[in-house]
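**Q** One structure, pasted below without further comment.
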Amino acid sequence: MKMTLREVNVDELQILINLYEKYAYEWSQYVPEDVNEFGLYCDERYDFDCFMQADRKCIAYFIEADDKLAGFALIHDMPEVTDEKIDYCLCDFFVMHKYRRLGIGRKAVFEIFDRQRGRWHLYYSPKNTASAYFWGKAIDEYMAGQYRLVKSHPQCIYSDGTLGDAVFFDNTEREKSHSA
């Protein structure tokens, strides 16, 4: 299956918001979020406009599988862990169920990391065991074991109080992936 990664255009913002709603719904099994008065998880709580501004390192990508929307990735330059120097934070990553376990997510993250070189940070909830498995395997493969994992990082807190597992790595000197 062919994976394509493309930046979200300003006129596609509503499509990104629609996909984010599916992501937020899926997250409701791990955190105690409720829908708003309109029946939506995704509302003014998230600043999507950040990803449409050219003056920051905020980037929104659509992930496509055989030219069909399969998910998204949101990257920004705002450190979520204050005691680390970070160039990029992979803050949200979503692949729809239909496209999971087909290598789409792996190909997408490898290409994202190949495009943006620097010091990276991401974290995931240990409650989401599928995500923990995916990130553990993908980062280990991409960085050939050259990363740092901090279990239950005290600055990576989910709304239910769960501490996320944080991953840090620098891919500045790494050769581009041959397996993306």
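Chain lettering (A, B, ...) mirrors the order of the structure tokens, residue numbering begins at 1 for each chain separately, and ligand numbering begins at 1 in order of display.
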Going by DSSP on the backbone, which residues of chain A come out as helix (DSSP H, G or I)? List them as a PDB file with N, CA, C and O atoms, in the first residue's frame.

**A**
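Saved as part05.pdb:
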```
ATOM      1  N   VAL A  10      -4.314  25.526   4.151  1.00  0.00           N
ATOM      2  CA  VAL A  10      -5.254  26.341   4.930  1.00  0.00           C
ATOM      3  C   VAL A  10      -6.698  26.005   4.579  1.00  0.00           C
ATOM      4  O   VAL A  10      -7.547  25.899   5.460  1.00  0.00           O
ATOM      5  N   ASP A  11      -6.982  25.791   3.299  1.00  0.00           N
ATOM      6  CA  ASP A  11      -8.363  25.503   2.895  1.00  0.00           C
ATOM      7  C   ASP A  11      -8.806  24.078   3.264  1.00  0.00           C
ATOM      8  O   ASP A  11      -9.956  23.717   3.054  1.00  0.00           O
ATOM      9  N   GLU A  12      -7.916  23.283   3.855  1.00  0.00           N
ATOM     10  CA  GLU A  12      -8.252  21.921   4.287  1.00  0.00           C
ATOM     11  C   GLU A  12      -8.362  21.809   5.810  1.00  0.00           C
ATOM     12  O   GLU A  12      -8.457  20.711   6.352  1.00  0.00           O
ATOM     13  N   LEU A  13      -8.372  22.943   6.486  1.00  0.00           N
ATOM     14  CA  LEU A  13      -8.402  22.937   7.945  1.00  0.00           C
ATOM     15  C   LEU A  13      -9.616  22.184   8.483  1.00  0.00           C
ATOM     16  O   LEU A  13      -9.494  21.413   9.436  1.00  0.00           O
ATOM     17  N   GLN A  14     -10.772  22.357   7.876  1.00  0.00           N
ATOM     18  CA  GLN A  14     -11.967  21.666   8.379  1.00  0.00           C
ATOM     19  C   GLN A  14     -11.831  20.150   8.235  1.00  0.00           C
ATOM     20  O   GLN A  14     -12.304  19.399   9.080  1.00  0.00           O
ATOM     21  N   ILE A  15     -11.148  19.687   7.205  1.00  0.00           N
ATOM     22  CA  ILE A  15     -10.907  18.245   7.047  1.00  0.00           C
ATOM     23  C   ILE A  15     -10.040  17.737   8.198  1.00  0.00           C
ATOM     24  O   ILE A  15     -10.316  16.690   8.786  1.00  0.00           O
ATOM     25  N   LEU A  16      -9.013  18.511   8.548  1.00  0.00           N
ATOM     26  CA  LEU A  16      -8.158  18.148   9.674  1.00  0.00           C
ATOM     27  C   LEU A  16      -8.969  18.101  10.966  1.00  0.00           C
ATOM     28  O   LEU A  16      -8.852  17.163  11.751  1.00  0.00           O
ATOM     29  N   ILE A  17      -9.814  19.081  11.181  1.00  0.00           N
ATOM     30  CA  ILE A  17     -10.656  19.112  12.379  1.00  0.00           C
ATOM     31  C   ILE A  17     -11.581  17.898  12.409  1.00  0.00           C
ATOM     32  O   ILE A  17     -11.778  17.278  13.457  1.00  0.00           O
ATOM     33  N   ASN A  18     -12.134  17.532  11.254  1.00  0.00           N
ATOM     34  CA  ASN A  18     -13.008  16.352  11.184  1.00  0.00           C
ATOM     35  C   ASN A  18     -12.251  15.080  11.573  1.00  0.00           C
ATOM     36  O   ASN A  18     -12.767  14.237  12.310  1.00  0.00           O
ATOM     37  N   LEU A  19     -11.032  14.926  11.066  1.00  0.00           N
ATOM     38  CA  LEU A  19     -10.225  13.764  11.422  1.00  0.00           C
ATOM     39  C   LEU A  19      -9.831  13.797  12.896  1.00  0.00           C
ATOM     40  O   LEU A  19      -9.810  12.764  13.563  1.00  0.00           O
ATOM     41  N   TYR A  20      -9.535  14.988  13.397  1.00  0.00           N
ATOM     42  CA  TYR A  20      -9.157  15.116  14.801  1.00  0.00           C
ATOM     43  C   TYR A  20     -10.304  14.684  15.710  1.00  0.00           C
ATOM     44  O   TYR A  20     -10.080  14.112  16.772  1.00  0.00           O
ATOM     45  N   GLU A  21     -11.522  14.927  15.304  1.00  0.00           N
ATOM     46  CA  GLU A  21     -12.681  14.502  16.090  1.00  0.00           C
ATOM     47  C   GLU A  21     -12.679  12.980  16.262  1.00  0.00           C
ATOM     48  O   GLU A  21     -12.967  12.467  17.342  1.00  0.00           O
ATOM     49  N   LYS A  22     -12.340  12.254  15.210  1.00  0.00           N
ATOM     50  CA  LYS A  22     -12.259  10.787  15.300  1.00  0.00           C
ATOM     51  C   LYS A  22     -11.139  10.371  16.259  1.00  0.00           C
ATOM     52  O   LYS A  22     -11.296   9.446  17.050  1.00  0.00           O
ATOM     53  N   TYR A  23     -10.034  11.064  16.185  1.00  0.00           N
ATOM     54  CA  TYR A  23      -8.894  10.820  17.082  1.00  0.00           C
ATOM     55  C   TYR A  23      -9.290  11.099  18.533  1.00  0.00           C
ATOM     56  O   TYR A  23      -9.022  10.294  19.425  1.00  0.00           O
ATOM     57  N   ALA A  24      -9.946  12.226  18.758  1.00  0.00           N
ATOM     58  CA  ALA A  24     -10.359  12.591  20.118  1.00  0.00           C
ATOM     59  C   ALA A  24     -11.365  11.585  20.670  1.00  0.00           C
ATOM     60  O   ALA A  24     -11.306  11.233  21.851  1.00  0.00           O
ATOM     61  N   TYR A  25     -12.265  11.112  19.826  1.00  0.00           N
ATOM     62  CA  TYR A  25     -13.221  10.091  20.263  1.00  0.00           C
ATOM     63  C   TYR A  25     -12.479   8.819  20.686  1.00  0.00           C
ATOM     64  O   TYR A  25     -12.763   8.231  21.724  1.00  0.00           O
ATOM     65  N   GLU A  26     -11.507   8.417  19.879  1.00  0.00           N
ATOM     66  CA  GLU A  26     -10.732   7.225  20.223  1.00  0.00           C
ATOM     67  C   GLU A  26     -10.010   7.405  21.560  1.00  0.00           C
ATOM     68  O   GLU A  26      -9.931   6.485  22.365  1.00  0.00           O
ATOM     69  N   TRP A  27      -9.502   8.612  21.811  1.00  0.00           N
ATOM     70  CA  TRP A  27      -8.801   8.891  23.060  1.00  0.00           C
ATOM     71  C   TRP A  27      -9.713   8.845  24.266  1.00  0.00           C
ATOM     72  O   TRP A  27      -9.251   8.698  25.401  1.00  0.00           O
ATOM     73  N   PHE A  48      -5.961  24.871  16.266  1.00  0.00           N
ATOM     74  CA  PHE A  48      -5.542  24.386  14.953  1.00  0.00           C
ATOM     75  C   PHE A  48      -4.912  25.488  14.114  1.00  0.00           C
ATOM     76  O   PHE A  48      -4.148  25.209  13.203  1.00  0.00           O
ATOM     77  N   ASP A  49      -5.235  26.744  14.405  1.00  0.00           N
ATOM     78  CA  ASP A  49      -4.679  27.842  13.623  1.00  0.00           C
ATOM     79  C   ASP A  49      -3.161  27.887  13.701  1.00  0.00           C
ATOM     80  O   ASP A  49      -2.505  28.340  12.773  1.00  0.00           O
ATOM     81  N   CYS A  50      -2.596  27.399  14.792  1.00  0.00           N
ATOM     82  CA  CYS A  50      -1.139  27.336  14.937  1.00  0.00           C
ATOM     83  C   CYS A  50      -0.510  26.607  13.750  1.00  0.00           C
ATOM     84  O   CYS A  50       0.549  26.980  13.276  1.00  0.00           O
ATOM     85  N   PHE A  51      -1.191  25.581  13.269  1.00  0.00           N
ATOM     86  CA  PHE A  51      -0.636  24.762  12.194  1.00  0.00           C
ATOM     87  C   PHE A  51      -0.804  25.397  10.820  1.00  0.00           C
ATOM     88  O   PHE A  51      -0.297  24.887   9.836  1.00  0.00           O
ATOM     89  N   MET A  52      -1.502  26.514  10.766  1.00  0.00           N
ATOM     90  CA  MET A  52      -1.714  27.190   9.495  1.00  0.00           C
ATOM     91  C   MET A  52      -0.839  28.437   9.370  1.00  0.00           C
ATOM     92  O   MET A  52      -0.887  29.144   8.387  1.00  0.00           O
ATOM     93  N   HIS A  97      -8.276   3.031  11.974  1.00  0.00           N
ATOM     94  CA  HIS A  97      -8.209   1.574  12.167  1.00  0.00           C
ATOM     95  C   HIS A  97      -8.009   0.797  10.873  1.00  0.00           C
ATOM     96  O   HIS A  97      -7.215  -0.140  10.829  1.00  0.00           O
ATOM     97  N   LYS A  98      -8.708   1.165   9.846  1.00  0.00           N
ATOM     98  CA  LYS A  98      -8.640   0.447   8.570  1.00  0.00           C
ATOM     99  C   LYS A  98      -7.203   0.346   8.032  1.00  0.00           C
ATOM    100  O   LYS A  98      -6.860  -0.605   7.343  1.00  0.00           O
ATOM    101  N   TYR A  99      -6.364   1.328   8.387  1.00  0.00           N
ATOM    102  CA  TYR A  99      -5.019   1.401   7.828  1.00  0.00           C
ATOM    103  C   TYR A  99      -3.930   0.985   8.816  1.00  0.00           C
ATOM    104  O   TYR A  99      -2.745   1.093   8.513  1.00  0.00           O
ATOM    105  N   ILE A 104       1.558   1.674   7.296  1.00  0.00           N
ATOM    106  CA  ILE A 104       1.299   3.074   6.946  1.00  0.00           C
ATOM    107  C   ILE A 104       1.860   4.011   8.017  1.00  0.00           C
ATOM    108  O   ILE A 104       2.537   4.989   7.711  1.00  0.00           O
ATOM    109  N   GLY A 105       1.568   3.740   9.279  1.00  0.00           N
ATOM    110  CA  GLY A 105       2.056   4.584  10.369  1.00  0.00           C
ATOM    111  C   GLY A 105       3.570   4.620  10.434  1.00  0.00           C
ATOM    112  O   GLY A 105       4.176   5.681  10.595  1.00  0.00           O
ATOM    113  N   ARG A 106       4.196   3.476  10.292  1.00  0.00           N
ATOM    114  CA  ARG A 106       5.649   3.384  10.314  1.00  0.00           C
ATOM    115  C   ARG A 106       6.258   4.204   9.179  1.00  0.00           C
ATOM    116  O   ARG A 106       7.192   4.984   9.378  1.00  0.00           O
ATOM    117  N   LYS A 107       5.737   4.027   7.980  1.00  0.00           N
ATOM    118  CA  LYS A 107       6.241   4.789   6.832  1.00  0.00           C
ATOM    119  C   LYS A 107       6.059   6.288   7.060  1.00  0.00           C
ATOM    120  O   LYS A 107       6.941   7.088   6.739  1.00  0.00           O
ATOM    121  N   ALA A 108       4.905   6.671   7.621  1.00  0.00           N
ATOM    122  CA  ALA A 108       4.630   8.089   7.845  1.00  0.00           C
ATOM    123  C   ALA A 108       5.609   8.692   8.853  1.00  0.00           C
ATOM    124  O   ALA A 108       6.185   9.749   8.594  1.00  0.00           O
ATOM    125  N   VAL A 109       5.823   8.027   9.997  1.00  0.00           N
ATOM    126  CA  VAL A 109       6.732   8.615  10.994  1.00  0.00           C
ATOM    127  C   VAL A 109       8.166   8.634  10.478  1.00  0.00           C
ATOM    128  O   VAL A 109       8.889   9.599  10.728  1.00  0.00           O
ATOM    129  N   PHE A 110       8.571   7.628   9.755  1.00  0.00           N
ATOM    130  CA  PHE A 110       9.929   7.636   9.200  1.00  0.00           C
ATOM    131  C   PHE A 110      10.097   8.831   8.254  1.00  0.00           C
ATOM    132  O   PHE A 110      11.116   9.521   8.290  1.00  0.00           O
ATOM    133  N   GLU A 111       9.112   9.082   7.422  1.00  0.00           N
ATOM    134  CA  GLU A 111       9.216  10.209   6.487  1.00  0.00           C
ATOM    135  C   GLU A 111       9.169  11.537   7.231  1.00  0.00           C
ATOM    136  O   GLU A 111       9.900  12.476   6.883  1.00  0.00           O
ATOM    137  N   ILE A 112       8.325  11.650   8.230  1.00  0.00           N
ATOM    138  CA  ILE A 112       8.271  12.883   9.035  1.00  0.00           C
ATOM    139  C   ILE A 112       9.637  13.153   9.649  1.00  0.00           C
ATOM    140  O   ILE A 112      10.162  14.264   9.558  1.00  0.00           O
ATOM    141  N   PHE A 113      10.216  12.149  10.278  1.00  0.00           N
ATOM    142  CA  PHE A 113      11.520  12.336  10.914  1.00  0.00           C
ATOM    143  C   PHE A 113      12.606  12.639   9.883  1.00  0.00           C
ATOM    144  O   PHE A 113      13.520  13.419  10.152  1.00  0.00           O
ATOM    145  N   ASP A 114      12.517  12.029   8.701  1.00  0.00           N
ATOM    146  CA  ASP A 114      13.492  12.323   7.656  1.00  0.00           C
ATOM    147  C   ASP A 114      13.361  13.769   7.164  1.00  0.00           C
ATOM    148  O   ASP A 114      14.359  14.404   6.823  1.00  0.00           O
ATOM    149  N   ARG A 115      12.155  14.294   7.117  1.00  0.00           N
ATOM    150  CA  ARG A 115      11.937  15.662   6.639  1.00  0.00           C
ATOM    151  C   ARG A 115      12.378  16.709   7.652  1.00  0.00           C
ATOM    152  O   ARG A 115      12.866  17.773   7.277  1.00  0.00           O
ATOM    153  N   THR A 129      -1.863   0.623  25.115  1.00  0.00           N
ATOM    154  CA  THR A 129      -0.797  -0.367  24.907  1.00  0.00           C
ATOM    155  C   THR A 129      -0.429  -0.522  23.434  1.00  0.00           C
ATOM    156  O   THR A 129       0.730  -0.767  23.114  1.00  0.00           O
ATOM    157  N   ALA A 130      -1.396  -0.359  22.539  1.00  0.00           N
ATOM    158  CA  ALA A 130      -1.080  -0.447  21.105  1.00  0.00           C
ATOM    159  C   ALA A 130      -0.155   0.698  20.700  1.00  0.00           C
ATOM    160  O   ALA A 130       0.803   0.499  19.945  1.00  0.00           O
ATOM    161  N   SER A 131      -0.422   1.888  21.196  1.00  0.00           N
ATOM    162  CA  SER A 131       0.424   3.043  20.908  1.00  0.00           C
ATOM    163  C   SER A 131       1.814   2.853  21.509  1.00  0.00           C
ATOM    164  O   SER A 131       2.821   3.129  20.853  1.00  0.00           O
ATOM    165  N   ALA A 132       1.877   2.391  22.747  1.00  0.00           N
ATOM    166  CA  ALA A 132       3.169   2.161  23.396  1.00  0.00           C
ATOM    167  C   ALA A 132       3.997   1.156  22.597  1.00  0.00           C
ATOM    168  O   ALA A 132       5.201   1.353  22.390  1.00  0.00           O
ATOM    169  N   TYR A 133       3.367   0.108  22.127  1.00  0.00           N
ATOM    170  CA  TYR A 133       4.062  -0.894  21.320  1.00  0.00           C
ATOM    171  C   TYR A 133       4.551  -0.285  20.003  1.00  0.00           C
ATOM    172  O   TYR A 133       5.707  -0.461  19.610  1.00  0.00           O
ATOM    173  N   PHE A 134       3.654   0.453  19.322  1.00  0.00           N
ATOM    174  CA  PHE A 134       4.010   1.073  18.046  1.00  0.00           C
ATOM    175  C   PHE A 134       5.213   1.999  18.205  1.00  0.00           C
ATOM    176  O   PHE A 134       6.189   1.904  17.470  1.00  0.00           O
ATOM    177  N   TRP A 135       5.131   2.937  19.178  1.00  0.00           N
ATOM    178  CA  TRP A 135       6.207   3.907  19.331  1.00  0.00           C
ATOM    179  C   TRP A 135       7.505   3.247  19.767  1.00  0.00           C
ATOM    180  O   TRP A 135       8.579   3.614  19.284  1.00  0.00           O
ATOM    181  N   GLY A 136       7.425   2.284  20.653  1.00  0.00           N
ATOM    182  CA  GLY A 136       8.634   1.582  21.071  1.00  0.00           C
ATOM    183  C   GLY A 136       9.340   0.923  19.899  1.00  0.00           C
ATOM    184  O   GLY A 136      10.557   1.041  19.736  1.00  0.00           O
ATOM    185  N   LYS A 137       8.569   0.259  19.068  1.00  0.00           N
ATOM    186  CA  LYS A 137       9.139  -0.441  17.916  1.00  0.00           C
ATOM    187  C   LYS A 137       9.623   0.535  16.832  1.00  0.00           C
ATOM    188  O   LYS A 137      10.731   0.399  16.305  1.00  0.00           O
ATOM    189  N   ALA A 138       8.791   1.539  16.501  1.00  0.00           N
ATOM    190  CA  ALA A 138       9.133   2.468  15.413  1.00  0.00           C
ATOM    191  C   ALA A 138      10.356   3.316  15.755  1.00  0.00           C
ATOM    192  O   ALA A 138      11.274   3.451  14.931  1.00  0.00           O
ATOM    193  N   ILE A 139      10.397   3.879  16.956  1.00  0.00           N
ATOM    194  CA  ILE A 139      11.531   4.731  17.334  1.00  0.00           C
ATOM    195  C   ILE A 139      12.810   3.907  17.450  1.00  0.00           C
ATOM    196  O   ILE A 139      13.874   4.325  17.000  1.00  0.00           O
ATOM    197  N   ASP A 140      12.698   2.726  18.033  1.00  0.00           N
ATOM    198  CA  ASP A 140      13.876   1.873  18.154  1.00  0.00           C
ATOM    199  C   ASP A 140      14.441   1.525  16.774  1.00  0.00           C
ATOM    200  O   ASP A 140      15.651   1.581  16.564  1.00  0.00           O
ATOM    201  N   GLU A 141      13.565   1.202  15.844  1.00  0.00           N
ATOM    202  CA  GLU A 141      14.027   0.873  14.495  1.00  0.00           C
ATOM    203  C   GLU A 141      14.599   2.101  13.796  1.00  0.00           C
ATOM    204  O   GLU A 141      15.683   2.042  13.211  1.00  0.00           O
ATOM    205  N   TYR A 142      13.884   3.208  13.854  1.00  0.00           N
ATOM    206  CA  TYR A 142      14.333   4.413  13.149  1.00  0.00           C
ATOM    207  C   TYR A 142      15.679   4.908  13.689  1.00  0.00           C
ATOM    208  O   TYR A 142      16.563   5.268  12.917  1.00  0.00           O
ATOM    209  N   MET A 143      15.814   4.921  14.994  1.00  0.00           N
ATOM    210  CA  MET A 143      17.027   5.463  15.612  1.00  0.00           C
ATOM    211  C   MET A 143      18.051   4.396  15.965  1.00  0.00           C
ATOM    212  O   MET A 143      19.075   4.706  16.573  1.00  0.00           O
TER     213      MET A 143
END
```

**Q** Tell me, as a list in words, which residues lie within 12 Å of Gly161 (chain A), counting only C-alpha atoms; anything in the same chain fewer than 3 positions away does not count.

**A**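 Returned residues: Tyr30, Val31, Pro32, Ser125, Pro126, Lys127, Ser152, His153, Pro154, Gln155, Cys156, Ile157, Tyr158 and Gly164 of chain A.
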
**Q** I need the chosen residues saved as a CSV table (one decimal), in the first residue's frame, with N, CA, C and O atoms.

**A**
```
chain,number,residue,atom,x,y,z
A,30,TYR,N,-9.2,6.4,27.0
A,30,TYR,CA,-8.0,6.5,27.9
A,30,TYR,C,-8.1,7.7,28.9
A,30,TYR,O,-7.4,7.7,29.9
A,31,VAL,N,-8.8,8.7,28.5
A,31,VAL,CA,-8.9,9.9,29.4
A,31,VAL,C,-10.4,10.3,29.5
A,31,VAL,O,-11.2,10.0,28.7
A,32,PRO,N,-10.7,10.9,30.7
A,32,PRO,CA,-12.1,11.1,31.0
A,32,PRO,C,-12.7,12.4,30.3
A,32,PRO,O,-13.3,13.2,31.0
A,125,SER,N,0.6,7.6,26.2
A,125,SER,CA,0.0,7.0,27.4
A,125,SER,C,0.3,5.6,27.6
A,125,SER,O,0.0,4.8,26.6
A,126,PRO,N,0.8,5.1,28.7
A,126,PRO,CA,1.0,3.7,28.9
A,126,PRO,C,-0.3,2.9,28.9
A,126,PRO,O,-0.3,1.7,28.7
A,127,LYS,N,-1.4,3.6,29.1
A,127,LYS,CA,-2.8,2.9,29.1
A,127,LYS,C,-3.1,2.5,27.6
A,127,LYS,O,-3.8,1.5,27.4
A,152,SER,N,6.9,7.3,32.7
A,152,SER,CA,6.1,8.1,33.7
A,152,SER,C,6.8,9.5,33.9
A,152,SER,O,7.1,9.9,35.0
A,153,HIS,N,7.0,10.2,32.8
A,153,HIS,CA,7.7,11.5,32.9
A,153,HIS,C,6.8,12.5,33.7
A,153,HIS,O,5.6,12.6,33.3
A,154,PRO,N,7.3,13.2,34.7
A,154,PRO,CA,6.5,14.0,35.5
A,154,PRO,C,5.9,15.2,34.8
A,154,PRO,O,5.0,15.8,35.3
A,155,GLN,N,6.4,15.6,33.6
A,155,GLN,CA,5.9,16.8,32.9
A,155,GLN,C,4.9,16.3,31.8
A,155,GLN,O,4.4,17.2,31.1
A,156,CYS,N,4.7,15.1,31.6
A,156,CYS,CA,3.9,14.5,30.5
A,156,CYS,C,2.6,14.0,31.1
A,156,CYS,O,2.5,12.8,31.3
A,157,ILE,N,1.7,14.9,31.5
A,157,ILE,CA,0.5,14.5,32.3
A,157,ILE,C,-0.7,14.6,31.4
A,157,ILE,O,-1.0,15.6,30.8
A,158,TYR,N,-1.5,13.5,31.4
A,158,TYR,CA,-2.8,13.4,30.7
A,158,TYR,C,-3.8,14.0,31.7
A,158,TYR,O,-3.6,14.1,32.9
A,164,GLY,N,2.7,10.2,31.1
A,164,GLY,CA,3.1,9.6,29.9
A,164,GLY,C,4.5,9.2,29.8
A,164,GLY,O,5.4,9.7,30.6
```

**Q** Could you check how far CA of Val95 (chain A) sits from CA of Tyr41 (chain A), in Å to one decimal?

**A**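 A separation of 17.6 Å between them.
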
**Q** When distances are computed from only C-alpha atoms, which of A:Tyr124, A:Lys2, A:Glu84, A:Tyr147 shows the smallest separation from Leu163 (chain A)?

**A** A:Tyr124

**Q** Check the DSSP output for the backbone and give back, as a ChimeraX atom specification, the residues of region 58-150 of chain A in strand (DSSP E or B).

**A** /A:59-65,68-76,88-95,119-124,148-150
